[in-house]
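Student: Hey, dropping protein_10.cif in here, mmCIF, C-alpha atoms (C1' of nucleotides):
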data_final
loop_
_atom_site.label_atom_id
_atom_site.label_comp_id
_atom_site.auth_asym_id
_atom_site.auth_seq_id
_atom_site.Cartn_x
_atom_site.Cartn_y
_atom_site.Cartn_z
CA MET P 1 85.10 127.81 107.14
CA ASN P 2 87.37 129.59 104.72
CA ALA P 3 87.30 126.63 102.39
CA VAL P 4 84.18 128.03 100.72
CA ARG P 5 86.30 130.92 99.47
CA LEU P 6 88.31 128.36 97.51
CA ALA P 7 85.26 126.64 95.97
CA VAL P 8 85.78 128.71 92.84
CA ASP P 9 87.68 128.51 89.59
CA PRO P 10 91.44 127.92 90.00
CA LEU P 11 92.51 131.36 88.78
CA THR P 12 90.26 133.13 91.29
CA ALA P 13 91.43 130.76 94.02
CA ALA P 14 95.03 131.50 93.08
CA GLN P 15 94.39 135.22 93.50
CA ARG P 16 92.86 134.58 96.94
CA LEU P 17 95.89 132.56 98.02
CA LEU P 18 98.37 135.35 97.31
CA GLY P 19 99.07 136.86 100.71
CA ALA P 20 97.63 133.91 102.64
CA THR P 21 99.63 132.47 105.54
CA LEU P 22 100.74 128.86 105.56
CA SER P 23 101.78 127.42 108.91
CA CYS P 24 103.55 124.11 109.32
CA ARG P 25 105.68 122.63 112.10
CA GLY P 26 107.15 125.80 113.51
CA VAL P 27 107.27 127.97 110.39
CA ASP P 28 104.76 130.59 109.18
CA ALA P 29 105.09 131.80 105.60
CA THR P 30 103.23 134.29 103.42
CA ILE P 31 102.41 132.96 99.96
CA VAL P 32 103.72 135.25 97.21
CA GLU P 33 103.74 133.06 94.07
CA VAL P 34 101.24 130.46 92.84
CA GLU P 35 100.10 128.64 89.72
CA ALA P 36 96.54 127.62 88.85
CA TYR P 37 95.77 124.15 87.50
CA GLY P 38 92.46 122.84 86.21
CA GLY P 39 91.06 119.45 85.35
CA VAL P 40 89.48 117.10 82.86
CA PRO P 41 88.84 117.90 79.17
CA HIS P 42 85.08 118.29 79.53
CA GLY P 43 85.03 119.83 83.01
CA PRO P 44 84.63 123.53 83.78
CA TRP P 45 88.38 124.24 83.54
CA PRO P 46 90.05 121.92 81.03
CA ASP P 47 93.83 122.00 81.51
CA PRO P 48 96.20 119.72 79.58
CA ALA P 49 99.01 120.67 81.97
CA ALA P 50 97.18 119.49 85.09
CA HIS P 51 97.81 116.16 86.79
CA SER P 52 94.02 115.72 86.85
CA TYR P 53 93.56 116.12 83.09
CA GLY P 54 93.43 112.37 82.47
CA GLY P 55 90.79 111.72 85.12
CA PRO P 56 91.08 110.57 88.74
CA THR P 57 93.89 108.21 89.72
CA ALA P 58 95.36 107.16 93.06
CA ARG P 59 97.93 109.93 92.80
CA ASN P 60 95.64 112.87 91.98
CA ALA P 61 92.46 111.78 93.80
CA VAL P 62 92.72 114.65 96.29
CA MET P 63 92.38 117.17 93.44
CA PHE P 64 88.85 115.84 92.78
CA GLY P 65 87.78 116.23 96.40
CA PRO P 66 86.59 119.20 98.45
CA PRO P 67 88.48 122.51 98.42
CA GLY P 68 90.89 123.49 101.17
CA ARG P 69 92.79 120.21 101.22
CA LEU P 70 96.51 119.77 100.62
CA TYR P 71 97.60 117.92 97.47
CA THR P 72 101.25 116.88 97.51
CA TYR P 73 103.21 115.09 94.82
CA ARG P 74 106.82 114.11 94.33
CA SER P 75 108.62 115.85 91.52
CA TYR P 76 111.57 114.39 89.65
CA GLY P 77 111.94 111.77 92.33
CA MET P 78 113.34 114.07 94.97
CA HIS P 79 111.25 117.15 95.65
CA VAL P 80 107.82 117.50 97.25
CA CYS P 81 105.46 120.12 95.83
CA ALA P 82 102.34 121.40 97.58
CA ASN P 83 98.99 122.45 96.13
CA VAL P 84 95.81 123.81 97.67
CA VAL P 85 92.76 122.04 96.23
CA CYS P 86 90.11 124.45 94.96
CA GLY P 87 86.79 124.32 93.11
CA PRO P 88 83.64 122.62 94.41
CA ASP P 89 83.82 119.01 95.61
CA GLY P 90 83.76 116.74 92.57
CA THR P 91 85.62 119.09 90.26
CA ALA P 92 89.36 118.85 89.70
CA ALA P 93 91.43 121.96 90.30
CA ALA P 94 94.32 123.04 92.50
CA VAL P 95 96.78 125.85 93.04
CA LEU P 96 100.50 125.06 93.20
CA LEU P 97 102.39 126.99 95.87
CA ARG P 98 105.60 128.18 94.24
CA ALA P 99 107.13 130.66 96.69
CA ALA P 100 106.56 132.18 100.12
CA VAL P 101 108.17 134.66 102.51
CA VAL P 102 109.14 133.17 105.86
CA ALA P 103 107.38 135.36 108.44
CA ALA P 104 108.11 133.35 111.60
CA GLY P 105 110.35 130.44 112.52
CA GLU P 106 113.21 131.43 110.27
CA PRO P 107 115.81 129.41 112.25
CA VAL P 108 113.66 126.30 111.87
CA ALA P 109 113.35 126.89 108.13
CA ARG P 110 117.10 127.44 107.83
CA GLY P 111 117.75 124.22 109.69
CA ARG P 112 115.60 122.30 107.23
CA ARG P 113 117.26 123.84 104.17
CA GLY P 114 120.62 122.90 105.64
CA GLN P 115 122.72 125.58 104.03
CA VAL P 116 123.50 129.26 104.24
CA LEU P 117 120.98 131.13 102.14
CA PRO P 118 119.69 134.67 101.78
CA ARG P 119 116.37 135.09 103.55
CA GLU P 120 114.37 135.50 100.38
CA SER P 121 115.58 132.14 99.05
CA LEU P 122 114.41 130.01 101.99
CA ALA P 123 111.02 129.16 100.47
CA ARG P 124 111.52 130.21 96.84
CA GLY P 125 110.56 127.47 94.41
CA PRO P 126 107.91 124.78 95.00
CA GLY P 127 110.39 122.15 96.18
CA ASN P 128 112.21 124.56 98.46
CA LEU P 129 108.94 125.83 99.92
CA CYS P 130 107.98 122.34 101.08
CA SER P 131 111.47 121.72 102.36
CA ALA P 132 111.51 124.91 104.43
CA LEU P 133 108.06 124.24 105.92
CA GLY P 134 108.63 120.54 106.52
CA ILE P 135 105.79 119.40 104.24
CA THR P 136 106.11 115.77 103.12
CA MET P 137 104.18 113.25 101.02
CA ALA P 138 102.58 112.00 104.26
CA ASP P 139 100.65 115.29 104.40
CA ASN P 140 98.73 114.58 101.19
CA GLY P 141 95.00 115.08 101.58
CA ILE P 142 94.94 116.84 104.95
CA ASP P 143 92.37 119.56 105.64
CA LEU P 144 94.20 122.90 105.75
CA PHE P 145 91.39 124.52 107.72
CA ASP P 146 91.14 121.88 110.46
CA PRO P 147 92.72 123.21 113.68
CA ARG P 148 94.15 119.73 114.36
CA SER P 149 96.05 119.59 111.07
CA PRO P 150 99.85 119.93 111.09
CA VAL P 151 99.61 122.20 108.04
CA ARG P 152 97.27 125.17 108.33
CA LEU P 153 96.17 127.89 105.95
CA ARG P 154 94.82 131.30 106.85
CA LEU P 155 93.38 133.48 104.12
CA GLY P 156 93.81 137.22 104.35
CA ALA P 157 93.52 140.24 102.15
CA PRO P 158 94.79 139.21 98.70
CA LEU P 159 97.91 140.96 97.40
CA ALA P 160 98.13 142.84 94.13
CA ALA P 161 98.96 140.23 91.49
CA GLN P 162 100.97 140.09 88.31
CA ALA P 163 100.38 137.23 85.86
CA GLY P 164 102.52 135.28 83.43
CA PRO P 165 102.97 131.83 81.88
CA ARG P 166 103.39 128.82 84.14
CA VAL P 167 106.86 127.49 84.87
CA GLY P 168 108.13 124.14 83.69
CA VAL P 169 104.93 122.79 82.14
CA SER P 170 105.21 121.03 78.78
CA ARG P 171 101.59 121.57 77.70
CA ALA P 172 99.45 124.72 77.63
CA ALA P 173 102.72 126.47 78.39
CA ASP P 174 101.55 129.91 77.37
CA ARG P 175 98.43 130.11 79.51
CA PRO P 176 99.01 133.00 81.97
CA TRP P 177 97.99 131.09 85.08
CA ARG P 178 101.03 131.92 87.19
CA LEU P 179 100.39 134.74 89.65
CA TRP P 180 102.85 136.50 91.89
CA ALA P 181 102.80 139.44 94.28
CA ALA P 182 104.05 142.52 92.50
CA GLY P 183 107.48 143.65 93.55
CA THR P 184 108.55 140.74 95.77
CA PRO P 185 112.10 139.36 95.36
CA GLU P 186 110.99 135.97 96.66
CA VAL P 187 109.31 134.84 93.44
CA SER P 188 111.07 132.02 91.64
CA ALA P 189 112.88 132.55 88.37
CA TYR P 190 110.93 131.75 85.22
CA ARG P 191 112.13 128.72 83.32
CA ARG P 192 110.27 127.35 80.33
CA SER P 193 110.01 123.58 80.22
CA PRO P 194 112.61 121.97 77.95
CA ARG P 195 109.73 119.90 76.51
CA ALA P 196 107.41 122.82 75.83
CA PRO P 197 106.71 123.71 72.21
CA ALA P 198 107.88 127.04 70.89
CA PRO P 199 106.23 130.12 72.42
CA GLY P 200 102.99 130.99 70.68
CA ALA P 201 102.23 127.44 69.57
CA SER P 202 98.62 126.44 70.21
CA ASP P 203 97.68 124.51 73.36
"C1'" DG E 1 106.33 93.46 85.48
"C1'" DA E 2 109.00 96.66 82.73
"C1'" DG E 3 109.69 101.18 80.88
"C1'" DG E 4 109.32 106.10 80.56
"C1'" DG E 5 108.13 110.70 82.01
"C1'" DG E 6 107.84 114.71 85.12
"C1'" DA E 7 104.12 121.42 87.90
"C1'" DT E 8 112.66 120.79 90.15
"C1'" DT E 9 116.99 122.10 91.81
"C1'" DG E 10 121.82 123.16 92.20
"C1'" DC E 11 126.18 122.63 90.33
"C1'" DC E 12 128.90 122.42 86.08
"C1'" DT E 13 131.20 124.75 82.03
"C1'" DG A 1 122.63 127.15 79.24
"C1'" DG A 2 123.41 122.13 80.08
"C1'" DC A 3 122.73 118.29 82.81
"C1'" DA A 4 122.36 114.74 86.40
"C1'" DA A 5 120.01 113.01 90.55
"C1'" DT A 6 116.01 110.01 91.77
"C1'" DC A 7 111.09 107.93 92.72
"C1'" DC A 8 106.46 107.24 92.28
"C1'" DC A 9 102.92 106.72 89.18
"C1'" DC A 10 100.87 105.63 85.00
"C1'" DT A 11 100.60 103.02 80.75
"C1'" DC A 12 101.18 99.11 78.16
"C1'" DG A 13 102.05 94.23 77.37
#
Could you show the structure in this file as structure tokens?
Tutor:
Amino acid sequence: MNAVRLAVDPLTAAQRLLGATLSCRGVDATIVEVEAYGGVPHGPWPDPAAHSYGGPTARNAVMFGPPGRLYTYRSYGMHVCANVVCGPDGTAAAVLLRAAVVAAGEPVARGRRGQVLPRESLARGPGNLCSALGITMADNGIDLFDPRSPVRLRLGAPLAAQAGPRVGVSRAADRPWRLWAAGTPEVSAYRRSPRAPAPGASD
DNA sequence: GAGGGGATTGCCT
DNA sequence: GGCAATCCCCTCG
């Protein structure tokens, strides 16, 4: 079981997910950009920007469960974003998948995106990644290492990573928990949240 | 039961 | 760079 390799802190898990292959409904994609998220204030990785910061709720319950599961949430009412749960069972942590390179099933991915796009844009951005792979809210909580699952994850040799601040978060905006594979054009553009305090302000 | 916010995206000027 | 689209979920009364 590869899930044990994710039973670690979110930043280490994020590093291990760079270069991993995600397979879903006819498309294989190599993960090239991720963001680490932690949990509750008094847990091992307090993170004010994480959905799990306020404790378990119906929405974020999967984040508190065992590693290797898929945590999906709806963003701004229209996009689905996918996370890989990490950390030991009982802790809250996850890694948001922000961009991937489509390695197989490109016509399927193009059909889902429904428009003419350059190859590197097919799964760039967390919402677009889920769209290209066909991941929906119904996939929340599934085991990514179960051969029967419609969404599968295969860990490989991690890629060389660069780090920077997370995109779009309004709290702990300067924490460098966004990792991407050096030199790939598929990584999403950096946008600071409109609600984030000025750069350099304390968490 | 109502109200507000958000780990986004693409199109507008 | 600005902004609208859109839907849970969470919080509060």
Student: As a PDB file with C-alpha atoms, in the coordinates of the input, please: the residues near segment 2-8 of chain A (cut-off 8 Å, only C-alpha atoms (C1' of nucleotides), same-chain neighbours under 3 positions excluded).
Tutor:
ATOM      1  CA  ARG P  74     106.820 114.110  94.330  1.00  0.00           C
ATOM      2  CA  TYR P  76     111.570 114.390  89.650  1.00  0.00           C
ATOM      3  CA  GLY P  77     111.940 111.770  92.330  1.00  0.00           C
ATOM      4  CA  MET P  78     113.340 114.070  94.970  1.00  0.00           C
TER       5      MET P  78
END
Student: Quick one: pull the distance between atom CA of Val27 of chain P and atom CA of Arg154 of chain P, Å, one decimal.
Tutor: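 Interatomic distance, atom CA of Val27 of chain P to atom CA of Arg154 of chain P: 13.4 Å.
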Student: When the PyMOL selection byres ((chain A and resi 10) around 9) is applied to the file above, which residues end up in the set, as a PyMOL selection string?
Tutor: (chain P and resi 57) or (chain A and resi 9+11)
Student: Using all atoms listed in the file, select each residue of chain P with any atom at most 12 Å away from an atom of chain A, and give the selection as an NGL selection string.
Tutor: :P and (51 or 54-60 or 73-80 or 137 or 191 or 194)
Student: At a cut-off of 9 Å, list the chain P residues touching chain E, using all atoms listed in the file, as a tab-separated table (two decimals) with C-alpha atoms, keeping the file's coordinate frame.
Tutor:
chain	number	residue	atom	x	y	z
P	35	GLU	CA	100.10	128.64	89.72
P	37	TYR	CA	95.77	124.15	87.50
P	49	ALA	CA	99.01	120.67	81.97
P	50	ALA	CA	97.18	119.49	85.09
P	51	HIS	CA	97.81	116.16	86.79
P	75	SER	CA	108.62	115.85	91.52
P	76	TYR	CA	111.57	114.39	89.65
P	77	GLY	CA	111.94	111.77	92.33
P	78	MET	CA	113.34	114.07	94.97
P	79	HIS	CA	111.25	117.15	95.65
P	81	CYS	CA	105.46	120.12	95.83
P	96	LEU	CA	100.50	125.06	93.20
P	125	GLY	CA	110.56	127.47	94.41
P	126	PRO	CA	107.91	124.78	95.00
P	127	GLY	CA	110.39	122.15	96.18
P	128	ASN	CA	112.21	124.56	98.46
P	166	ARG	CA	103.39	128.82	84.14
P	167	VAL	CA	106.86	127.49	84.87
P	168	GLY	CA	108.13	124.14	83.69
P	169	VAL	CA	104.93	122.79	82.14
Student: Go ahead and compute the interatomic distance for atom CA of Pro118 of chain P and atom CA of Leu133 of chain P, in Å to one decimal.
Tutor: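 Going from atom CA of Pro118 of chain P over to atom CA of Leu133 of chain P covers 16.2 Å.
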Student: Report the distance between atom CA of Ala7 of chain P and atom CA of Asp89 of chain P in Å, rounded to one decimal place.
Tutor: 7.8 Å
Student: Which one is closest to Gly68 of chain P: P:Cys86, P:Ala13, P:Ala94, P:Glu106? Count all atoms listed in the file.
Tutor: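 Closest to Gly68 of chain P, using all atoms listed in the file: P:Cys86.
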Student: Which of these, P:Ala29, P:Val40, P:Val34, P:Val84, has the shortest distance to Gly164 of chain P once you count all atoms listed in the file?
Tutor: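 Once distances to Gly164 of chain P are computed over all atoms listed in the file, the minimum belongs to P:Val34.
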Student: Quick one: which residues end up in the PyMOL selection byres ((chain P and resi 139) around 12) for this structure, as a PyMOL selection string?
Tutor: chain P and resi 24-25+62+69-74+80-84+130+133-138+140-144+149-152
Student: Apply the PyMOL selection byres ((chain P and resi 110) around 12) to the displayed file and report the matching residues as a PyMOL selection string.
Tutor: chain P and resi 26-27+102+104-109+111-123+128-129+131-134
Student: Using all atoms of segment 94-111 of chain P that appear in the file, construct an axis-aligned enclosing box with 6 Å of padding on every side and provide its centre coordinates and edge lengths in Å, rounded to one decimal, as lines of an AutoDock Vina configuration file.
Tutor:
center_x = 106.0
center_y = 129.2
center_z = 102.5
size_x = 35.4
size_y = 24.3
size_z = 32.0
Student: Pick from P:Thr91, P:Pro158, P:Thr12, P:Asp28: nearest to Ala103 of chain P, with all atoms listed in the file counted?
Tutor: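 Smallest separation from Ala103 of chain P among the options: P:Asp28.
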Student: Using only C-alpha atoms (C1' of nucleotides), which residues sit within 8 Å of Gln15 of chain P once same-chain residues fewer than 3 positions away are excluded, as a PyMOL selection string?
Tutor: chain P and resi 11-12+18+158-159+161+179
Student: Could you add the missing atoms to segment 147-161 of chain P, up to N, CA, C and O atoms, and return them as a short mmCIF file (atom, residue, chain, number, x, y, z; two decimals), in the coordinates of the input?
Tutor:
data_model
loop_
_atom_site.label_atom_id
_atom_site.label_comp_id
_atom_site.auth_asym_id
_atom_site.auth_seq_id
_atom_site.Cartn_x
_atom_site.Cartn_y
_atom_site.Cartn_z
N PRO P 147 91.76 122.77 112.65
CA PRO P 147 92.72 123.21 113.68
C PRO P 147 93.67 122.10 114.13
O PRO P 147 94.74 122.38 114.64
N ARG P 148 93.29 120.84 113.93
CA ARG P 148 94.15 119.73 114.36
C ARG P 148 95.21 119.38 113.31
O ARG P 148 96.06 118.54 113.56
N SER P 149 95.12 119.97 112.14
CA SER P 149 96.05 119.59 111.07
C SER P 149 97.45 120.16 111.33
O SER P 149 97.58 121.27 111.86
N PRO P 150 98.48 119.43 110.94
CA PRO P 150 99.85 119.93 111.09
C PRO P 150 100.18 121.03 110.08
O PRO P 150 101.14 121.77 110.27
N VAL P 151 99.42 121.13 109.03
CA VAL P 151 99.61 122.20 108.04
C VAL P 151 98.32 123.01 108.00
O VAL P 151 97.24 122.46 107.77
N ARG P 152 98.45 124.31 108.22
CA ARG P 152 97.27 125.17 108.33
C ARG P 152 97.38 126.32 107.34
O ARG P 152 98.48 126.81 107.06
N LEU P 153 96.22 126.77 106.88
CA LEU P 153 96.17 127.89 105.95
C LEU P 153 95.24 128.95 106.51
O LEU P 153 94.17 128.64 107.03
N ARG P 154 95.68 130.20 106.42
CA ARG P 154 94.82 131.30 106.85
C ARG P 154 94.77 132.33 105.73
O ARG P 154 95.78 132.89 105.33
N LEU P 155 93.56 132.52 105.21
CA LEU P 155 93.38 133.48 104.12
C LEU P 155 93.32 134.89 104.68
O LEU P 155 92.83 135.11 105.77
N GLY P 156 93.85 135.84 103.92
CA GLY P 156 93.81 137.22 104.35
C GLY P 156 93.40 138.10 103.20
O GLY P 156 92.73 137.65 102.26
N ALA P 157 93.78 139.35 103.26
CA ALA P 157 93.52 140.24 102.15
C ALA P 157 94.47 139.89 101.01
O ALA P 157 95.68 139.86 101.21
N PRO P 158 93.93 139.58 99.83
CA PRO P 158 94.79 139.21 98.70
C PRO P 158 95.74 140.34 98.33
O PRO P 158 95.41 141.52 98.48
N LEU P 159 96.92 139.97 97.84
CA LEU P 159 97.91 140.96 97.40
C LEU P 159 97.66 141.32 95.94
O LEU P 159 97.03 140.57 95.20
N ALA P 160 98.19 142.47 95.54
CA ALA P 160 98.13 142.84 94.13
C ALA P 160 98.93 141.83 93.32
O ALA P 160 100.06 141.50 93.67
N ALA P 161 98.34 141.33 92.22
CA ALA P 161 98.96 140.23 91.49
C ALA P 161 99.43 140.65 90.11
O ALA P 161 98.83 141.50 89.45
#
